[in-house]
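Printed here is coords19.tsv (TSV, C-alpha atoms):
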chain	number	residue	atom	x	y	z
A	983	MET	CA	4.77	182.54	45.98
A	984	ASP	CA	6.57	185.75	45.00
A	985	HIS	CA	8.70	186.32	41.89
A	986	ARG	CA	11.91	185.25	43.64
A	987	GLU	CA	10.32	181.99	44.72
A	988	LEU	CA	8.89	181.55	41.24
A	989	ASP	CA	12.36	181.86	39.75
A	990	GLY	CA	13.70	179.21	42.11
A	991	TYR	CA	10.82	176.86	41.31
A	992	LEU	CA	11.25	177.19	37.55
A	993	ARG	CA	15.02	176.71	37.62
A	994	SER	CA	14.97	173.66	39.92
A	995	LEU	CA	15.11	170.23	38.30
A	996	ASN	CA	12.13	167.92	38.77
A	997	GLU	CA	12.41	164.14	38.52
A	998	VAL	CA	11.55	164.04	34.83
A	999	GLU	CA	14.18	166.66	34.02
A	1000	GLN	CA	16.81	164.83	36.05
A	1001	GLU	CA	16.19	161.67	34.06
A	1002	GLN	CA	16.07	163.51	30.75
A	1003	GLN	CA	19.32	165.30	31.60
A	1004	ARG	CA	20.94	161.94	32.33
A	1005	THR	CA	19.70	160.10	29.22
A	1006	GLY	CA	18.77	162.81	26.71
A	1007	ASN	CA	15.57	160.88	26.00
A	1008	ASN	CA	12.07	162.29	26.30
A	1009	ILE	CA	9.98	160.92	29.14
A	1010	ASN	CA	6.25	160.95	28.60
A	1011	ASP	CA	4.57	162.25	31.75
A	1012	ILE	CA	1.27	162.77	29.91
A	1013	TRP	CA	-0.82	159.66	29.36
A	1014	PRO	CA	-2.23	158.31	27.13
A	1015	LEU	CA	-0.81	159.55	23.81
A	1016	GLU	CA	-2.57	158.68	20.56
A	1017	ARG	CA	-0.35	158.22	17.52
A	1018	GLU	CA	-1.64	159.78	14.29
A	1019	GLY	CA	-0.50	160.39	10.72
A	1020	THR	CA	0.12	158.12	7.77
A	1021	ASP	CA	3.06	156.45	9.46
A	1022	LEU	CA	2.03	157.31	13.04
A	1023	GLU	CA	4.77	159.93	12.96
A	1024	TYR	CA	3.15	162.29	15.45
A	1025	PHE	CA	0.85	162.03	18.45
A	1026	ARG	CA	-2.20	163.87	19.77
A	1027	MET	CA	-1.93	165.23	23.29
A	1028	PRO	CA	-5.05	164.44	25.35
A	1029	ALA	CA	-6.95	167.46	26.68
A	1030	ASP	CA	-8.34	165.48	29.62
A	1031	ALA	CA	-4.86	165.30	31.12
A	1032	PHE	CA	-4.76	169.06	31.71
A	1033	PHE	CA	-8.19	170.57	32.38
A	1034	GLN	CA	-9.46	168.59	35.34
A	1035	GLU	CA	-9.12	171.61	37.66
A	1036	GLY	CA	-10.16	174.40	35.32
A	1037	PRO	CA	-10.13	175.70	31.72
A	1038	VAL	CA	-6.55	177.04	31.94
A	1039	HIS	CA	-3.57	174.83	32.79
A	1040	ILE	CA	-0.03	176.14	33.33
A	1041	ARG	CA	3.02	173.86	33.40
A	1042	LYS	CA	6.78	174.11	33.03
A	1043	HIS	CA	8.21	172.41	29.96
A	1044	ASN	CA	10.64	169.64	30.88
A	1045	ARG	CA	14.16	170.44	29.68
A	1046	PHE	CA	17.13	168.44	28.29
A	1047	ALA	CA	15.26	166.24	25.79
A	1048	PRO	CA	13.30	166.87	22.58
A	1049	MET	CA	9.52	167.09	22.64
A	1050	PRO	CA	8.36	164.93	19.71
A	1051	LEU	CA	6.05	166.15	16.97
A	1052	HIS	CA	2.53	166.53	18.35
A	1053	LEU	CA	-0.75	168.45	18.16
A	1054	HIS	CA	-3.79	169.01	20.35
A	1055	ASN	CA	-7.33	170.38	20.29
A	1056	PHE	CA	-6.72	173.27	22.72
A	1057	ILE	CA	-4.99	176.65	22.45
A	1058	GLU	CA	-1.40	176.84	23.70
A	1059	MET	CA	0.65	179.88	24.63
A	1060	ASN	CA	4.37	179.23	24.98
A	1061	TYR	CA	6.16	181.80	27.11
A	1062	ILE	CA	9.96	181.94	27.26
A	1063	TYR	CA	10.76	182.80	30.85
A	1064	SER	CA	14.52	182.44	30.40
A	1065	GLY	CA	17.02	181.71	27.65
A	1066	ARG	CA	15.75	180.59	24.28
A	1067	CYS	CA	13.73	177.86	22.62
A	1068	ILE	CA	13.71	176.36	19.13
A	1069	GLN	CA	10.43	174.95	17.92
A	1070	TRP	CA	9.38	173.46	14.61
A	1071	ILE	CA	5.85	174.61	13.78
A	1072	ASN	CA	4.27	173.10	10.68
A	1073	GLY	CA	7.76	172.38	9.38
A	1074	GLN	CA	9.06	175.92	9.99
A	1075	ARG	CA	11.94	176.59	12.39
A	1076	ILE	CA	10.97	179.21	14.96
A	1077	GLU	CA	13.41	180.56	17.55
A	1078	LEU	CA	11.85	182.20	20.58
A	1079	GLU	CA	13.79	184.54	22.83
A	1080	GLU	CA	13.41	185.35	26.51
A	1081	GLY	CA	10.23	187.32	27.14
A	1082	GLN	CA	8.53	186.34	23.88
A	1083	ALA	CA	5.23	184.48	23.58
A	1084	CYS	CA	3.98	182.20	20.85
A	1085	LEU	CA	0.27	181.48	20.56
A	1086	LEU	CA	-0.66	178.25	18.78
A	1087	ASP	CA	-4.11	177.39	17.50
A	1088	THR	CA	-5.64	173.92	17.70
A	1089	ASP	CA	-4.21	171.16	15.49
A	1090	VAL	CA	-0.86	172.85	14.92
A	1091	LEU	CA	1.90	170.29	14.37
A	1092	HIS	CA	4.90	171.31	16.43
A	1093	SER	CA	7.93	169.93	18.21
A	1094	ILE	CA	10.53	171.40	20.56
A	1095	GLU	CA	14.29	170.87	20.44
A	1096	PRO	CA	16.15	170.02	23.67
A	1097	MET	CA	16.45	172.99	26.00
A	1098	GLY	CA	19.43	173.75	28.24
A	1099	GLU	CA	19.49	174.44	31.96
A	1100	ASN	CA	18.99	178.19	31.53
A	1101	ASP	CA	16.27	177.71	28.91
A	1102	ILE	CA	12.87	177.79	30.62
A	1103	LEU	CA	9.64	177.48	28.68
A	1104	VAL	CA	6.22	177.71	30.33
A	1105	ASN	CA	3.17	176.21	28.60
A	1106	ILE	CA	-0.15	178.00	29.15
A	1107	LEU	CA	-2.90	175.70	27.87
A	1108	ILE	CA	-6.33	177.20	27.25
A	1109	LYS	CA	-9.64	175.64	26.32
A	1110	PRO	CA	-10.78	177.09	22.96
A	1111	GLU	CA	-14.07	178.43	24.31
A	1112	VAL	CA	-12.25	180.35	27.06
A	1113	PHE	CA	-9.84	181.81	24.53
A	1114	ARG	CA	-12.67	182.88	22.22
A	1115	ASN	CA	-14.54	184.49	25.11
A	1116	ALA	CA	-11.41	186.32	26.19
A	1117	LEU	CA	-10.88	187.82	22.74
A	1118	SER	CA	-14.49	188.40	21.73
A	1119	ARG	CA	-14.57	191.72	23.59
A	1120	PHE	CA	-11.81	193.03	21.32
A	1121	SER	CA	-13.59	192.40	18.03
A	1122	GLU	CA	-15.70	195.56	18.30
A	1123	ASN	CA	-12.78	197.85	19.10
A	1124	GLY	CA	-11.46	198.26	15.55
A	1125	ILE	CA	-10.31	196.53	12.39
A	1126	LEU	CA	-6.94	195.67	13.94
A	1127	SER	CA	-8.51	193.90	16.91
A	1128	HIS	CA	-11.01	192.24	14.58
A	1129	PHE	CA	-8.16	190.91	12.43
A	1130	MET	CA	-6.27	189.59	15.45
A	1131	VAL	CA	-9.37	187.87	16.81
A	1132	ASN	CA	-10.19	186.27	13.47
A	1133	ALA	CA	-6.63	185.02	13.09
A	1134	LEU	CA	-7.43	182.19	15.50
A	1135	SER	CA	-11.21	182.02	15.40
A	1136	GLU	CA	-13.33	179.02	14.52
A	1137	SER	CA	-14.43	180.62	11.29
A	1138	THR	CA	-10.90	180.54	9.85
A	1139	ASN	CA	-8.62	177.65	9.02
A	1140	HIS	CA	-6.67	175.99	11.81
A	1141	ASN	CA	-2.90	175.35	11.81
A	1142	ARG	CA	-2.02	178.92	12.74
A	1143	TYR	CA	0.34	180.52	15.17
A	1144	ILE	CA	1.20	184.05	16.21
A	1145	LEU	CA	4.63	185.02	17.52
A	1146	PHE	CA	4.58	188.12	19.71
A	1147	GLU	CA	7.90	189.93	20.10
A	1148	SER	CA	6.98	190.96	23.62
A	1149	GLN	CA	10.44	190.81	25.21
A	1150	ALA	CA	10.56	194.55	25.90
A	1151	HIS	CA	6.95	194.72	27.12
A	1152	ALA	CA	7.46	194.90	30.89
A	1153	THR	CA	3.77	194.96	31.82
A	1154	PHE	CA	3.13	191.72	29.95
A	1155	GLN	CA	6.06	190.06	31.75
A	1156	LEU	CA	4.63	191.17	35.10
A	1157	PHE	CA	1.17	189.76	34.44
A	1158	ILE	CA	2.52	186.45	33.15
A	1159	LYS	CA	4.74	186.04	36.22
A	1160	ASN	CA	1.86	186.84	38.55
A	1161	MET	CA	-0.27	184.26	36.75
A	1162	MET	CA	2.45	181.63	37.15
A	1163	CYS	CA	2.72	182.38	40.88
A	1164	GLU	CA	-1.00	181.67	41.24
A	1165	ALA	CA	-0.68	178.46	39.23
A	1166	PHE	CA	2.39	176.95	40.88
A	1167	GLU	CA	1.34	177.74	44.45
A	1168	PRO	CA	-2.48	177.79	44.41
A	1169	GLN	CA	-4.38	179.56	47.15
A	1170	LEU	CA	-7.90	180.83	47.70
A	1171	TYR	CA	-9.37	182.15	44.41
A	1172	SER	CA	-6.26	181.22	42.40
A	1173	ARG	CA	-8.38	179.78	39.59
A	1174	GLU	CA	-10.27	183.05	39.24
A	1175	MET	CA	-7.03	185.06	39.41
A	1176	ILE	CA	-5.49	182.95	36.65
A	1177	ILE	CA	-8.44	183.67	34.34
A	1178	GLN	CA	-8.20	187.40	35.04
A	1179	TYR	CA	-4.43	187.48	34.52
A	1180	LEU	CA	-4.93	185.62	31.26
A	1181	MET	CA	-7.43	188.25	30.13
A	1182	ILE	CA	-5.15	191.19	30.83
A	1183	SER	CA	-2.10	189.35	29.44
A	1184	LEU	CA	-3.94	188.87	26.15
A	1185	THR	CA	-4.91	192.54	26.28
A	1186	GLU	CA	-1.26	193.50	26.62
A	1187	LEU	CA	-0.34	191.25	23.70
A	1188	MET	CA	-2.82	193.13	21.53
A	1189	ARG	CA	-0.48	196.10	21.95
A	1190	VAL	CA	2.44	194.20	20.44
A	1191	PHE	CA	2.17	194.85	16.74
A	1192	THR	CA	4.89	192.70	15.25
A	1193	TYR	CA	3.05	189.76	13.78
A	1194	HIS	CA	4.34	186.53	12.32
A	1195	THR	CA	2.22	183.78	10.86
A	1196	ASN	CA	2.83	180.54	9.02
A	1197	GLN	CA	-0.34	180.85	6.98
A	1198	ASP	CA	1.24	182.15	3.83
A	1199	HIS	CA	4.34	183.29	1.98
A	1200	LEU	CA	4.14	187.05	2.22
A	1201	HIS	CA	6.42	189.61	0.70
A	1202	PRO	CA	9.15	190.01	3.41
A	1203	GLU	CA	8.13	193.62	4.13
A	1204	ALA	CA	4.45	192.72	4.32
A	1205	LYS	CA	5.15	190.03	6.88
A	1206	VAL	CA	6.47	192.69	9.21
A	1207	SER	CA	4.03	195.50	8.56
A	1208	LEU	CA	0.53	194.12	7.92
A	1209	ILE	CA	-0.48	194.90	11.50
A	1210	GLN	CA	1.02	198.38	11.23
A	1211	VAL	CA	-0.94	198.95	8.02
A	1212	LEU	CA	-4.21	197.98	9.72
A	1213	ASN	CA	-3.35	200.13	12.70
A	1214	TYR	CA	-2.72	203.10	10.38
A	1215	ILE	CA	-6.13	202.62	8.73
A	1216	GLU	CA	-7.72	202.41	12.17
A	1217	LEU	CA	-6.16	205.72	13.18
A	1218	HIS	CA	-6.68	207.61	9.90
A	1219	TYR	CA	-9.87	206.07	8.52
A	1220	LYS	CA	-11.66	209.42	8.11
A	1221	ASP	CA	-9.25	210.76	5.48
A	1222	CYS	CA	-7.12	207.77	4.48
A	1223	SER	CA	-6.74	206.82	0.79
A	1224	LEU	CA	-5.19	203.69	-0.69
A	1225	ALA	CA	-2.62	205.80	-2.53
A	1226	GLY	CA	-1.70	207.64	0.67
A	1227	LEU	CA	-1.53	204.40	2.64
A	1228	ALA	CA	0.74	202.82	0.02
A	1229	ALA	CA	3.04	205.85	0.07
A	1230	GLU	CA	3.18	205.77	3.88
A	1231	PHE	CA	4.48	202.19	3.84
A	1232	SER	CA	6.44	202.32	0.57
A	1233	TYR	CA	4.18	199.88	-1.28
A	1234	ASN	CA	2.74	199.80	-4.73
A	1235	ALA	CA	-0.93	200.73	-4.31
A	1236	ASN	CA	-2.25	197.81	-6.36
A	1237	TYR	CA	-0.01	195.36	-4.51
A	1238	LEU	CA	-1.12	196.69	-1.13
A	1239	GLY	CA	-4.78	196.60	-2.09
A	1240	ASN	CA	-4.48	192.99	-3.22
A	1241	LEU	CA	-2.55	192.09	-0.08
A	1242	LEU	CA	-5.22	193.54	2.20
A	1243	LYS	CA	-7.95	191.69	0.32
A	1244	GLN	CA	-6.02	188.42	0.47
A	1245	LYS	CA	-5.10	188.62	4.14
A	1246	THR	CA	-8.20	190.21	5.65
A	1247	GLY	CA	-10.90	189.19	3.18
A	1248	LYS	CA	-11.82	192.87	2.69
A	1249	THR	CA	-10.85	195.55	0.21
A	1250	PHE	CA	-9.25	198.77	1.42
A	1251	MET	CA	-12.57	200.62	1.19
A	1252	GLU	CA	-14.36	197.81	3.04
A	1253	LEU	CA	-11.79	198.07	5.84
A	1254	VAL	CA	-12.32	201.83	6.03
A	1255	LYS	CA	-16.08	201.34	6.14
A	1256	SER	CA	-15.72	198.68	8.85
A	1257	GLN	CA	-13.68	201.03	11.01
A	1258	ARG	CA	-16.18	203.86	10.47
A	1259	MET	CA	-19.06	201.60	11.47
A	1260	LEU	CA	-17.26	200.26	14.54
A	1261	HIS	CA	-16.52	203.77	15.75
A	1262	ALA	CA	-20.05	204.92	14.98
A	1263	ALA	CA	-21.50	202.00	16.95
A	1264	SER	CA	-19.27	202.87	19.90
A	1265	LEU	CA	-20.38	206.52	19.80
A	1266	LEU	CA	-24.04	205.52	19.60
A	1267	ALA	CA	-23.70	203.24	22.60
A	1268	ASN	CA	-21.54	205.47	24.78
A	1269	THR	CA	-22.39	209.10	23.97
A	1270	GLU	CA	-25.46	211.29	23.54
A	1271	HIS	CA	-24.21	212.88	20.32
A	1272	SER	CA	-26.84	213.29	17.63
A	1273	ILE	CA	-26.79	210.79	14.80
A	1274	GLU	CA	-25.94	213.58	12.34
A	1275	THR	CA	-22.94	214.55	14.50
A	1276	ILE	CA	-21.79	210.95	14.70
A	1277	ALA	CA	-22.11	210.62	10.92
A	1278	ARG	CA	-19.76	213.57	10.44
A	1279	GLU	CA	-17.44	212.33	13.21
A	1280	VAL	CA	-16.83	209.06	11.36
A	1281	GLY	CA	-16.36	210.67	7.97
A	1282	TYR	CA	-19.82	210.81	6.34
A	1283	GLN	CA	-21.04	214.18	5.08
A	1284	SER	CA	-24.39	212.72	4.04
A	1285	PRO	CA	-26.54	211.55	7.00
A	1286	GLY	CA	-28.70	209.57	4.59
A	1287	PHE	CA	-25.74	207.62	3.25
A	1288	PHE	CA	-24.59	207.00	6.82
A	1289	TYR	CA	-28.04	205.67	7.76
A	1290	ARG	CA	-28.07	203.25	4.82
A	1291	THR	CA	-24.51	202.05	5.45
A	1292	PHE	CA	-25.11	201.52	9.15
A	1293	ALA	CA	-28.35	199.61	8.51
A	1294	GLU	CA	-26.59	197.34	6.01
A	1295	THR	CA	-23.83	196.65	8.53
A	1296	TYR	CA	-25.87	196.08	11.69
A	1297	GLN	CA	-29.29	195.17	10.24
A	1298	CYS	CA	-30.93	197.98	12.22
A	1299	THR	CA	-31.11	201.75	12.18
A	1300	PRO	CA	-28.70	203.86	14.26
A	1301	SER	CA	-31.60	204.92	16.51
A	1302	ARG	CA	-32.67	201.35	17.18
A	1303	TYR	CA	-29.05	200.34	17.83
A	1304	ARG	CA	-28.74	203.09	20.42
A	1305	ARG	CA	-32.00	202.10	22.13
A	1306	GLU	CA	-31.07	198.44	22.31
A	1307	ARG	CA	-27.63	199.20	23.70
A	1308	ALA	CA	-29.12	201.54	26.27
A	1309	GLY	CA	-31.23	198.63	27.52
A	1310	ASP	CA	-28.24	196.29	27.98
Written as structure tokens, how would this file's structure read?
Amino acid sequence: MDHRELDGYLRSLNEVEQEQQRTGNNINDIWPLEREGTDLEYFRMPADAFFQEGPVHIRKHNRFAPMPLHLHNFIEMNYIYSGRCIQWINGQRIELEEGQACLLDTDVLHSIEPMGENDILVNILIKPEVFRNALSRFSENGILSHFMVNALSESTNHNRYILFESQAHATFQLFIKNMMCEAFEPQLYSREMIIQYLMISLTELMRVFTYHTNQDHLHPEAKVSLIQVLNYIELHYKDCSLAGLAAEFSYNANYLGNLLKQKTGKTFMELVKSQRMLHAASLLANTEHSIETIAREVGYQSPGFFYRTFAETYQCTPSRYRRERAGD
């Protein structure tokens, strides 16, 4: 299947869509559904219906009828191939545009309003362990990646979603379309290709910095720029100050410091230290620079202070860390 054939497949009406277009009523093609809630007002979607052939399942959302309120115990990425889509996620109205992706954690209550003929939504369903494995490699890259990984990790609360404004990100669109071609017309090694396309699609999404979450009621500006703030710290950690950071983003310094602590669990200085340690660990593992040089490279003028800080962070000395990584 090429992209032209993919477009024809997605725009054609299947039997469920034909019936939903005629009646406007949702047809359940996923059995069985378990009603939950105080008044059985929502249902839980069964994972067994999707993962019989692998840990990633891709399906086209059936148009012309509402998808009732539901939740599930797997990760879901909604990709808007064409048109638009209105979802209600934990009671909040979210409008997705063509080319955007929305990543939903487990146990997120959501529903989807009826979609028109030109509105095409593709559901990419992912087992949680596969999703965690896919993102675990990012957590050592920097505080921004660490924050993004933790946003949907087991150690945090559930009921989260991330909306990626990826509509202008052509590389992401290419990978997603290639992944759908493998899913909708399977051939030899399609399952492996789907996993690899998922990995690189998530990598591309890490480059999309606009971040929306339903976890809290942020100051409107903070809701847009928290990721940019973390990215700035990641790039300028060697000489960044809280006052300078606040001035860069037109914040009050105390407000910004409290915001970072509330949303990341770390103070500004702890974030700076984390980024220094992550970069130091990378240099120890991938270069032959002396430890004193690495200490200066990451912003420490005192090698002794660097040694103590590194040992507190990684529970081993820089030398031991380098030896163990060399043996990997």
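You will find atom CA of A:Leu995 at 21.8 Å from atom CA of A:Ala1031.
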For stretch 1210-1225 of chain A, list every protein, DNA or RNA residue within 7 Å, evaluated using only C-alpha atoms, and leave out those in the same chain fewer than 6 positions away; present the list as a list in words.
-> Gly1124, Ile1125, Leu1126, Phe1191, Ala1235, Phe1250, Val1254, Gln1257, Arg1258, Val1280 and Gly1281 of chain A
Please produce a file of the residues just selected, as a PDB file, in the frame of the given file, where the atoms kept are C-alpha atoms.
ATOM      1  CA  GLY A1124     -11.460 198.260  15.550  1.00  0.00           C
ATOM      2  CA  ILE A1125     -10.310 196.530  12.390  1.00  0.00           C
ATOM      3  CA  LEU A1126      -6.940 195.670  13.940  1.00  0.00           C
ATOM      4  CA  PHE A1191       2.170 194.850  16.740  1.00  0.00           C
ATOM      5  CA  ALA A1235      -0.930 200.730  -4.310  1.00  0.00           C
ATOM      6  CA  PHE A1250      -9.250 198.770   1.420  1.00  0.00           C
ATOM      7  CA  VAL A1254     -12.320 201.830   6.030  1.00  0.00           C
ATOM      8  CA  GLN A1257     -13.680 201.030  11.010  1.00  0.00           C
ATOM      9  CA  ARG A1258     -16.180 203.860  10.470  1.00  0.00           C
ATOM     10  CA  VAL A1280     -16.830 209.060  11.360  1.00  0.00           C
ATOM     11  CA  GLY A1281     -16.360 210.670   7.970  1.00  0.00           C
TER      12      GLY A1281
END
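The coordinates place atom CA of A:Ser1183 at 8.5 Å from atom CA of A:Gln1155.
Pairwise distance (atom CA of A:Asp1030, atom CA of A:Ile1012) equals 10.0 Å.
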Looking at all atoms listed in the file, which of A:Leu1208, A:Ser1232, A:Arg1041, A:Ile1108 is the one that sits closest to A:Met1181?
-> A:Ile1108
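Considering all atoms listed in the file, the residue among A:Asn1055, A:Gln1074, A:Ser1172, A:Ser1264 positioned nearest to A:Thr1088 is A:Asn1055.
Counting only C-alpha atoms and comparing A:Asn1010, A:Asn1240, A:Gln1000, A:Gln1149, the residue that lies closest to A:Ser1064 is A:Gln1149.
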Please provide the set of residues having any atom within 9 Å of stretch 1296-1302 of chain A, restricted to only C-alpha atoms, with same-chain residues fewer than 5 positions apart removed, written as a ChimeraX atom specification.
-> /A:1259,1262-1263,1266,1273,1289-1291,1307
9 Å contact set for A:Asp984, all atoms listed in the file, chain neighbours under 2 positions out, as a list of chain:residue names | A:Arg986, A:Glu987, A:Leu988, A:Asp989, A:Lys1159, A:Asn1160, A:Cys1163
Box for stretch 1162-1181 of chain A: with edges along x, y and z, all listed atoms inside and 5 Å added on each side, what are the centre and edge lengths in Å to one decimal, as JSON?
{"center_x": -3.8, "center_y": 182.6, "center_z": 38.9, "size_x": 23.0, "size_y": 21.3, "size_z": 27.6}
Skipping near chain neighbours, those fewer than 4 positions away, what residues fall within 10 Å of A:His1151 using only C-alpha atoms, listed as a ChimeraX atom specification?
-> /A:1081-1082,1147,1155-1156,1186-1187,1189-1190
May I have the protein, DNA and RNA residues with an atom at most 12 Å from (9.0, 162.9, 21.5), counting all atoms listed in the file in the file's coordinates, returned as a ChimeraX atom specification?
-> /A:1002,1006-1012,1015,1017,1023-1027,1044,1046-1053,1092-1096
Please provide the set of residues having any atom within 7 Å of A:Val1038, restricted to only C-alpha atoms, with same-chain residues fewer than 3 positions apart removed, written as a PyMOL selection string.
-> chain A and resi 1033+1107-1109
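Taking only C-alpha atoms into account, A:Arg1304 lies nearest to A:His1271 out of the set A:Lys1248, A:Arg1075, A:Arg1278, A:His1271.
You can rank A:Phe1292, A:Tyr1303, A:Tyr1237, A:Tyr1179 by their closest distance to A:Ala1165 using all atoms listed in the file, and at the top of that list sits A:Tyr1179.
With distances taken over all atoms listed in the file, A:Leu992 is the one residue among A:Leu992, A:Gly1226, A:Tyr1282, A:Glu997 lying closest to A:Ile1062.
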